[in-house]
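Undergrad: Here you go, one structure.
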Amino acid sequence: MRQDRTGRPPAEWCATPNAMRLNRLVRMSRRDVLLGGLGLSVAGLLSPAQADTQAPAEKDSEVGRFMAVSQRLTDRDVLDSRIGTALYAGIVHANPNRAAKVQALHTLLEDSKPATAADFARAAEHADPALKDVIHEILTGWYRGVADNKVVVYRSALMFDITKDAIYPKTYAAGGPFYWTSKPPEVDRPTGSPALSPSPFVIEPT
Amino acid sequence: MSSEQTLSADVVIVGSGVAGSSIANELARAGISVIVLEAGPRVDRQHFVDNFRNLENKPSYQGPFPAVPWARHPPNQMTPNEYLHTTGPNAEAYQQVYLRMMGGTTWHWAGCAWRYLPSDFELKTRYGQGRDWALKYDDLEPFYYQAEVMMGVCGPDPAKEDLGSPRKQPYPMDALPISYAAQQFRKLIQEKTPYRVVHEPQARNTRPYDNRPTCEGHNNCMPICPIGAMYNGGYSVYHAEAAGAKFIPNAVVYKIERDSANKHVTAVHYMDPDKGSHRVTGKYFVIAAHCIETAKLLLVSADEQSPNGVANSSGHVGRNMMDHTGVQVTFISGDKALWPGRGPLETNVIDNFRDGDWRSERGAYLVHMVDDNQVDLATQLAISKGYVGKELEEQIRYLAAHTVRLFSHNEALPDPENRLTLSKTNKDILGIPHPEVFYKLPDYTVKSCEHTRGLFKDLMGLMHGTDAQWTPGYFPQDHPSGSTIMGTDPKDSVVDGFCRTHDHENLFIASSSVFSTVGTGNITLTVAALALRVADTLKKELAHA
């Protein structure tokens with residue numbers, strides 16, 4: 001059940017529908033960011049060509065700070081900076097004040113150096129309850145592959161990475177004839193606690 | 001603007017879904033000339049697959065299928081709605097969705113291919129409720145089989161698992177092996193309840209069939225099978241075209257023309273997207289445009305000869321609207337991991353409540369344990385609970401492996417007060433009114449839903465379930481039926497047992513709109529069987545003409 005895109009040549013993944021969506025999203029963001037006068041640094045980072053090919057983001061750039069915050073919130077050392085670039089663009093496009101919130105999260109991260117995602121999230125909500133929303137958006141981006149109510153990545157969303165020993169993303173099954181009759185892995189009941197206060201869960205209308 | 005050239009065929013069909021396209025295929029193969037007028041566009045599978053993958057709200061079955069402006073369909077099941085306007089005490093329960101495009105709504109069905117039970121056709125005689133159909137199960141049995149062969153239906157061996165609808169031939173394909181999750185559910189039901197879980201008959205390939213592949217379990221039957229292992233109306237379109245039938249997309253029929261005696265239909269008129277009007281003549285006409293659009297077209301065609309609408313001397317066009325209203329609960333099982341979502345979407349059913357003496361009091365129903373990939377839902381739920389990092393990932397895995405969704409199809413009854421009319425305030429870009437439906441759930445259905453809720457609570461207890469989320473109220477199952485009801489008496493019905501309109505001798509209707517009652521189980525196989533019976537009638541009459 002491999003669905004990692006890492007290592008595939010850019011030309012291949014640029015040709016996928018998700019890449020097309022990503023490029024469109026980035027173009028929209030660029031225009032809107034320029035119109036909004038939020039600064040050339042963001043616009044420069046988000047050009048479509050760069051989004052597909054750029055080297056890992058610089059630590060002191062906006063996306064670099066977003067990546068650092070994301071790594072801590074996911075307890076992961078490695079995240080794809082191309083996806084991160086697109087997620088950040090989507091999150092800021094949906095809500096321009098998120099740029100300042102990500103900056104605030106990054107400052108907190110640098111100042112307090114939390115050891116875990118849970119410590120970081122608890123400290124963030126304690127410092128400013130409004131930071132919970134942006135944390136939700138960042139996690140929704142990485143785990144669902146969604147930002148600004150748009151799909152940034154589908155198969156590469158982390159929710160599929162962490163379940164790939166059991167199940168395929170819809171429309172991408174590759175288990176062989178009647179694979180579904182076999183026994184999937186057991187999953188122990190988790191012992192961890194929520195770090196943030198609960199939020200209302202609203203199922204989207206069908 | 002009118003077309004210079006009048007189109008003509010032996011048989012003119014309005015609508016290219018399962019009903020219209022399968023009739024076209026049968027007739028064209030018999031050498032009969034056929035024109036099919038489809039309001040929506042010609043479409044292709046890959047486009048919808050791409051749309052699905054790029055859809056943020058994945059459970060939105062209409063999402064990948066945007067409508068064209070000249071053939072609107074409901075964008076979602078929300079009230080108020082941009083197209084299908086519902087009113088009345090249970091307006092939300094009738095917020096149906098369907099598709100107007102080549103191939104019809106089976107682009108996003110789950111392939112469940114139930115035959116009705118013999119009792120479903122005789123509800124009045126057996127249980128004193130609703131109506132009897134103007135045909136019996138035995139009249140339809142050969143056409144059920146023909147429809148199963150056409151679609152490619154897999155199902156259980158009746159000697160091992162009798163689904164209650166007598167068969168003269170085995171299913172065209174062996175039953176689909178059920179998933180691990182469904183196996184566990186079946187075991188639980190068998191050991192802890194008096195009920196049973198059966199294989200659901202499905203228009204889904206368990207071997208290569210009709211030049212289509214075996215199901216690979218992409219778990220996306222709704223909204224779009226990515227490989228065509230599941231039948232949809234598009235395949236009957238392709239077969240019919242290969243046999244010589246002419247399909248015209250983007251042809252919105254708005255008028256049914258009759259002779260001076262008002263007994264014989266002489267032509268239908270359609271508009272193209274630029275409002276150009278075209279006349280199509282024929283010997284026979286079949287309206288196969290889905291329950292809601294069929295009734296709408298008959299009402300829109302009202303004129304001096306038929307002030308209440310075509311085929312409507314009874315006043316029953318647009319009345320008796322029915323559906324399989326649903327009850328639904330999602331919860332977290334406390335037992336071993338199930339990982340629903342491996343394999344096709346709907347494969348197993350509790351069928352104990354499809355029939356019984358209690359049908360004199362409350363409606364029948366069937367229960368699905370839906371085999372739906374829950375990873376996305378689990379992720380949203382875990383984030384909303386406040387988990388982050390490693391703990392979030394553990395939660396996602398646990399919830400995705402343990403989320404169970406149960407839903408039911410509950411039987412409605414024909415009530416003339418549940419009525420489709422033309423909107424007085426909303427029109428499409430061609431000037432055709434939107435449909436409007438008044439809906440009040442029959443007490444018979446409400447009682448059935450109450451019974452289902454009790455059952456679901458019991459099942460949840462047996463699975464040590466927590467975090468129950470009940471879908472509020474009653475929700476539509478997108479099986480609208482009854483709007484041109486079948487009966488023997490022209491005073492209180494629209495078509496006879498052969499789906500011929502009582503009023504117009506060469507006008508037939510092929511749709512769930514002719515259903516006299518709605519039974520349980522998805523309606524599509526019965527729609528197809530009725531349509532193939534219409535094709536049989538037309539072949540015989542044209543041979544003698």
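The way I read the labels, and the way they are meant: chains A, B, ... in the order of the structure tokens, residue 1 as the first residue of every chain, and ligand 1 as the first ligand shown, with later ones counted on from there.
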I'd like a table as a tab-separated table: residues in chain B with an atom no more than 8 Å from chain A, each row giving the shortest atom pair and its distance in Å to one decimal, only C-alpha atoms counted, sorted by chain and rising residue number.
TA:
residue	atom	partner	partner_atom	distance
B:Val49	CA	A:Thr171	CA	7.8
B:Asp50	CA	A:Pro17	CA	6.4
B:Arg53	CA	A:Tyr154	CA	6.5
B:Asn54	CA	A:Val151	CA	5.4
B:Leu55	CA	A:Val151	CA	6.4
B:Glu56	CA	A:Val151	CA	5.4
B:Asn57	CA	A:Glu204	CA	6.9
B:Pro59	CA	A:Thr206	CA	6.2
B:Ser60	CA	A:Thr206	CA	4.4
B:Tyr61	CA	A:Thr206	CA	6.7
B:Gln62	CA	A:Thr206	CA	7.8
B:Asn76	CA	A:Thr206	CA	5.7
B:Gln77	CA	A:Thr206	CA	5.8
B:Met78	CA	A:Pro205	CA	7.0
B:Pro177	CA	A:Thr181	CA	6.8
B:Ile178	CA	A:Thr181	CA	6.3
B:Ser179	CA	A:Thr181	CA	4.5
B:Tyr180	CA	A:Thr181	CA	4.8
B:Thr214	CA	A:Pro177	CA	7.9
B:Cys215	CA	A:Pro177	CA	7.6
B:Glu216	CA	A:Pro177	CA	6.1
B:Gly217	CA	A:Ala173	CA	6.3
B:His218	CA	A:Thr171	CA	4.7
B:Asn219	CA	A:Lys170	CA	5.5
B:Asn220	CA	A:Lys170	CA	5.6
B:Cys225	CA	A:Thr171	CA	7.5
B:Pro226	CA	A:Thr171	CA	5.9
B:Lys336	CA	A:Glu186	CA	6.8
B:Ala337	CA	A:Glu186	CA	5.4
B:Leu338	CA	A:Pro184	CA	7.4
B:Trp339	CA	A:Pro184	CA	6.8
B:Gly341	CA	A:Ile167	CA	7.3
B:Arg342	CA	A:Trp180	CA	4.9
B:Gly343	CA	A:Trp180	CA	5.1
B:Asn373	CA	A:Lys170	CA	7.3
B:Val375	CA	A:Met159	CA	6.7
B:Asp376	CA	A:Arg144	CA	6.7
B:Thr379	CA	A:Met159	CA	6.8
B:Gln380	CA	A:Thr140	CA	7.5
B:Leu381	CA	A:Phe201	CA	6.5
B:Ile383	CA	A:His136	CA	6.6
B:Ser384	CA	A:Ser199	CA	5.0
B:Lys385	CA	A:Pro198	CA	4.5
B:Gly386	CA	A:Leu196	CA	4.3
B:Tyr387	CA	A:Pro194	CA	4.3
B:Val388	CA	A:Ala118	CA	6.0
B:Gly389	CA	A:Thr74	CA	4.0
B:Lys390	CA	A:Asp75	CA	6.1
B:Glu391	CA	A:Gly192	CA	5.4
B:Glu393	CA	A:Ile162	CA	6.9
B:Glu394	CA	A:Pro190	CA	6.0
B:Gln395	CA	A:Pro190	CA	6.4
B:Ile396	CA	A:Met159	CA	7.3
B:Arg397	CA	A:Thr163	CA	6.3
B:Tyr398	CA	A:Val187	CA	5.9
B:Ala401	CA	A:Val187	CA	7.2
Undergrad: Measuring atom to atom with only C-alpha atoms, identify which of B:Ala175, B:Ala28, B:Ala311, B:Val280 is nearest to Ser8 in chain B.
TA: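 Of B:Ala175, B:Ala28, B:Ala311, B:Val280, the one nearest Ser8 in chain B is B:Val280, counting only C-alpha atoms.
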Undergrad: For Ala30 in chain B, list every protein, DNA or RNA residue within 10 Å, evaluated using only C-alpha atoms, and leave out those in the same chain fewer than 3 positions away; present the list as a list of chain:residue names.
TA: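 Everything that qualifies: B:Ala24, B:Asn25, B:Glu26, B:Leu27, B:Ser33, B:Ala243, B:Lys539, B:Ala543.
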Undergrad: Need the shell around Arg72 in chain B: protein/DNA/RNA residues with any atom at most 10 Å away, counting only C-alpha atoms. Skip same-chain ones fewer than 3 positions apart. Format as a PyMOL selection string?
TA: chain B and resi 39-40+66-69+75+82-84+99-101+428-429+434
Undergrad: Would you kindly return, as a list in words, each protein, DNA or RNA residue with an atom no farther than 8 Å from any atom of Arg98 in chain A, considering only C-alpha atoms and excluding same-chain residues fewer than 5 positions away?
TA: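 Answer for this query is Ile91, Val92 and Val134 of chain A.
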Undergrad: For the helix (DSSP H, G or I) assignment from backbone DSSP, which residues of range 73-171 of chain A qualify? Please present them as a ChimeraX atom specification.
TA: /A:73-74,81-94,98-112,117-127,131-144,158-161
Undergrad: Name the residues in contact with range 143-157 of chain B at a cut-off of 9 Å, using only C-alpha atoms, excluding same-chain residues fewer than 2 positions from it; report them as JSON, numbers by chain.
TA: {"B": [22, 111, 112, 113, 115, 139, 140, 141, 159, 160, 161, 162, 163, 167, 168, 169, 170, 171, 172, 173, 174, 175, 176, 198, 199, 200, 201, 202, 203, 204, 205, 206, 209, 210, 230, 231, 232, 233, 235, 236, 525, 526, 528, 529, 530, 531, 532, 533]}
Undergrad: Restrict the selected residues to N, CA and C atoms and save them as a tab-separated table (two decimals), in the first residue's frame.
TA:
chain	number	residue	atom	x	y	z
B	22	SER	N	-31.98	1.36	-21.44
B	22	SER	CA	-32.17	-0.09	-21.63
B	22	SER	C	-33.31	-0.37	-22.60
B	111	GLY	N	-25.18	0.17	-6.51
B	111	GLY	CA	-25.26	-1.10	-7.22
B	111	GLY	C	-26.15	-2.14	-6.55
B	112	CYS	N	-26.88	-1.75	-5.49
B	112	CYS	CA	-27.74	-2.72	-4.80
B	112	CYS	C	-28.93	-3.07	-5.70
B	113	ALA	N	-29.06	-4.33	-6.03
B	113	ALA	CA	-30.00	-4.73	-7.08
B	113	ALA	C	-31.03	-5.72	-6.53
B	115	ARG	N	-34.62	-7.51	-6.01
B	115	ARG	CA	-35.97	-7.77	-6.50
B	115	ARG	C	-36.93	-7.46	-5.35
B	139	ASP	N	-45.47	-11.70	-13.02
B	139	ASP	CA	-45.46	-10.97	-14.30
B	139	ASP	C	-44.09	-10.35	-14.55
B	140	LEU	N	-43.43	-9.96	-13.47
B	140	LEU	CA	-42.18	-9.22	-13.61
B	140	LEU	C	-40.95	-10.13	-13.55
B	141	GLU	N	-41.14	-11.35	-13.06
B	141	GLU	CA	-39.99	-12.24	-12.81
B	141	GLU	C	-39.08	-12.39	-14.02
B	159	ALA	N	-30.47	-21.63	-2.78
B	159	ALA	CA	-30.52	-22.83	-1.94
B	159	ALA	C	-29.81	-22.59	-0.60
B	160	LYS	N	-28.83	-21.68	-0.62
B	160	LYS	CA	-28.09	-21.39	0.61
B	160	LYS	C	-28.65	-20.17	1.33
B	161	GLU	N	-29.11	-19.22	0.57
B	161	GLU	CA	-29.56	-17.96	1.15
B	161	GLU	C	-30.73	-17.45	0.30
B	162	ASP	N	-31.93	-17.75	0.75
B	162	ASP	CA	-33.13	-17.38	-0.01
B	162	ASP	C	-33.54	-15.95	0.35
B	163	LEU	N	-33.52	-15.06	-0.62
B	163	LEU	CA	-33.85	-13.66	-0.33
B	163	LEU	C	-35.35	-13.38	-0.43
B	167	ARG	N	-36.84	-17.31	-7.81
B	167	ARG	CA	-36.03	-17.16	-9.02
B	167	ARG	C	-36.15	-18.40	-9.88
B	168	LYS	N	-36.21	-18.20	-11.19
B	168	LYS	CA	-36.19	-19.34	-12.11
B	168	LYS	C	-34.76	-19.66	-12.55
B	169	GLN	N	-33.90	-18.66	-12.48
B	169	GLN	CA	-32.48	-18.87	-12.85
B	169	GLN	C	-31.59	-18.37	-11.72
B	170	PRO	N	-30.38	-18.92	-11.64
B	170	PRO	CA	-29.45	-18.37	-10.64
B	170	PRO	C	-29.03	-16.95	-11.01
B	171	TYR	N	-28.43	-16.26	-10.08
B	171	TYR	CA	-27.86	-14.94	-10.40
B	171	TYR	C	-26.81	-15.09	-11.49
B	172	PRO	N	-26.68	-14.10	-12.35
B	172	PRO	CA	-25.66	-14.20	-13.41
B	172	PRO	C	-24.25	-14.37	-12.87
B	173	MET	N	-23.98	-13.85	-11.69
B	173	MET	CA	-22.64	-14.00	-11.11
B	173	MET	C	-22.75	-14.44	-9.65
B	174	ASP	N	-21.70	-15.11	-9.17
B	174	ASP	CA	-21.66	-15.54	-7.77
B	174	ASP	C	-21.68	-14.33	-6.84
B	175	ALA	N	-22.16	-14.56	-5.63
B	175	ALA	CA	-22.23	-13.48	-4.64
B	175	ALA	C	-20.86	-12.89	-4.37
B	176	LEU	N	-20.85	-11.63	-4.03
B	176	LEU	CA	-19.59	-10.96	-3.71
B	176	LEU	C	-19.17	-11.35	-2.29
B	198	VAL	N	-27.58	-11.08	5.24
B	198	VAL	CA	-27.50	-11.75	3.94
B	198	VAL	C	-26.57	-10.97	3.01
B	199	HIS	N	-26.11	-11.66	1.97
B	199	HIS	CA	-25.36	-11.00	0.91
B	199	HIS	C	-26.34	-10.10	0.14
B	200	GLU	N	-25.95	-8.89	-0.08
B	200	GLU	CA	-26.80	-8.01	-0.87
B	200	GLU	C	-26.58	-8.30	-2.35
B	201	PRO	N	-27.67	-8.53	-3.12
B	201	PRO	CA	-27.46	-8.67	-4.56
B	201	PRO	C	-27.00	-7.34	-5.16
B	202	GLN	N	-26.00	-7.39	-6.01
B	202	GLN	CA	-25.41	-6.14	-6.48
B	202	GLN	C	-25.08	-6.21	-7.96
B	203	ALA	N	-25.26	-5.09	-8.64
B	203	ALA	CA	-24.86	-4.97	-10.05
B	203	ALA	C	-23.37	-4.64	-10.08
B	204	ARG	N	-22.59	-5.63	-9.66
B	204	ARG	CA	-21.15	-5.42	-9.48
B	204	ARG	C	-20.46	-6.70	-9.89
B	205	ASN	N	-19.37	-6.58	-10.62
B	205	ASN	CA	-18.75	-7.76	-11.19
B	205	ASN	C	-17.91	-8.53	-10.18
B	206	THR	N	-18.24	-9.82	-10.04
B	206	THR	CA	-17.35	-10.71	-9.26
B	206	THR	C	-16.50	-11.56	-10.21
B	209	TYR	N	-17.19	-9.18	-16.81
B	209	TYR	CA	-18.56	-9.34	-17.31
B	209	TYR	C	-18.88	-8.14	-18.20
B	210	ASP	N	-19.44	-8.41	-19.36
B	210	ASP	CA	-19.86	-7.34	-20.27
B	210	ASP	C	-18.69	-6.39	-20.60
B	230	MET	N	-18.88	-1.68	-11.54
B	230	MET	CA	-20.30	-1.57	-11.19
B	230	MET	C	-21.05	-1.05	-12.41
B	231	TYR	N	-22.21	-1.66	-12.68
B	231	TYR	CA	-23.03	-1.20	-13.80
B	231	TYR	C	-23.52	0.22	-13.55
B	232	ASN	N	-23.57	1.01	-14.60
B	232	ASN	CA	-24.42	2.21	-14.54
B	232	ASN	C	-25.08	2.40	-15.90
B	233	GLY	N	-26.06	3.31	-15.94
B	233	GLY	CA	-26.85	3.48	-17.15
B	233	GLY	C	-26.01	3.82	-18.37
B	235	TYR	N	-23.55	2.34	-19.54
B	235	TYR	CA	-23.23	1.15	-20.34
B	235	TYR	C	-24.39	0.78	-21.27
B	236	SER	N	-25.61	0.97	-20.80
B	236	SER	CA	-26.74	0.70	-21.69
B	236	SER	C	-26.80	1.75	-22.81
B	525	LEU	N	-33.38	-2.01	-9.79
B	525	LEU	CA	-33.63	-3.23	-10.54
B	525	LEU	C	-35.10	-3.32	-10.96
B	526	THR	N	-35.98	-2.88	-10.08
B	526	THR	CA	-37.41	-2.89	-10.44
B	526	THR	C	-37.69	-1.88	-11.54
B	528	ALA	N	-35.59	-1.07	-13.87
B	528	ALA	CA	-35.06	-1.68	-15.09
B	528	ALA	C	-35.98	-2.78	-15.59
B	529	ALA	N	-36.50	-3.61	-14.67
B	529	ALA	CA	-37.39	-4.71	-15.07
B	529	ALA	C	-38.66	-4.16	-15.71
B	530	LEU	N	-39.24	-3.12	-15.11
B	530	LEU	CA	-40.43	-2.49	-15.69
B	530	LEU	C	-40.12	-1.92	-17.07
B	531	ALA	N	-38.94	-1.31	-17.19
B	531	ALA	CA	-38.56	-0.71	-18.47
B	531	ALA	C	-38.41	-1.79	-19.54
B	532	LEU	N	-37.79	-2.90	-19.18
B	532	LEU	CA	-37.61	-3.97	-20.16
B	532	LEU	C	-38.96	-4.58	-20.55
B	533	ARG	N	-39.90	-4.55	-19.62
B	533	ARG	CA	-41.24	-5.01	-19.96
B	533	ARG	C	-41.91	-4.03	-20.94
Undergrad: Just give me the gap between CA of Tyr195 in chain B and CA of Ile350 in chain B in Å, one decimal is fine.
TA: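 For CA of Tyr195 in chain B relative to CA of Ile350 in chain B, the distance reads 7.0 Å.
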Undergrad: Check range 252-377 of chain B with DSSP on the backbone and list each residue it calls strand (DSSP E), as a ChimeraX atom specification.
TA: /B:252-258,265-271,277-287,328-332,348-350,365-370
Undergrad: Dump C-alpha atoms for the selected residues as a compact mmCIF listing (two decimals), in the first residue's frame?
TA:
# COMPACT_ATOMS: atom_id res chain seq x y z
CA VAL B 252 -34.67 19.48 -22.73
CA VAL B 253 -38.16 18.22 -23.52
CA TYR B 254 -40.78 20.75 -22.48
CA LYS B 255 -43.95 19.82 -24.37
CA ILE B 256 -45.84 16.63 -25.25
CA GLU B 257 -48.02 17.22 -28.33
CA ARG B 258 -51.21 15.16 -28.90
CA VAL B 265 -49.17 11.59 -28.71
CA THR B 266 -47.84 12.97 -32.00
CA ALA B 267 -44.55 14.61 -31.00
CA VAL B 268 -42.40 15.91 -28.20
CA HIS B 269 -40.69 19.30 -28.33
CA TYR B 270 -37.32 20.02 -26.84
CA MET B 271 -35.18 23.09 -26.31
CA SER B 277 -36.97 24.53 -30.21
CA HIS B 278 -37.08 21.18 -32.00
CA ARG B 279 -39.97 18.80 -32.74
CA VAL B 280 -39.52 15.05 -32.65
CA THR B 281 -42.26 12.79 -34.04
CA GLY B 282 -42.73 9.07 -33.51
CA LYS B 283 -45.14 6.16 -33.30
CA TYR B 284 -44.58 5.54 -29.60
CA PHE B 285 -43.25 7.74 -26.80
CA VAL B 286 -41.69 6.74 -23.51
CA ILE B 287 -41.09 9.19 -20.69
CA GLN B 328 -28.97 6.52 10.49
CA VAL B 329 -26.54 6.27 13.38
CA THR B 330 -22.76 6.36 13.48
CA PHE B 331 -20.94 5.14 16.61
CA ILE B 332 -17.62 3.82 17.85
CA ASN B 348 -24.60 -6.94 3.51
CA VAL B 349 -28.09 -6.45 4.85
CA ILE B 350 -30.31 -7.48 7.75
CA TYR B 365 -37.35 -1.82 6.26
CA LEU B 366 -33.92 -3.22 5.67
CA VAL B 367 -30.69 -2.42 7.45
CA HIS B 368 -27.26 -1.78 5.98
CA MET B 369 -24.05 -1.97 7.96
CA VAL B 370 -22.25 0.38 5.61
Undergrad: What is the distance between CA of Ala400 in chain B and CA of Leu188 in chain B, in Å to one decimal?
TA: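 Rounded to one decimal, the two atoms are 19.9 Å apart.
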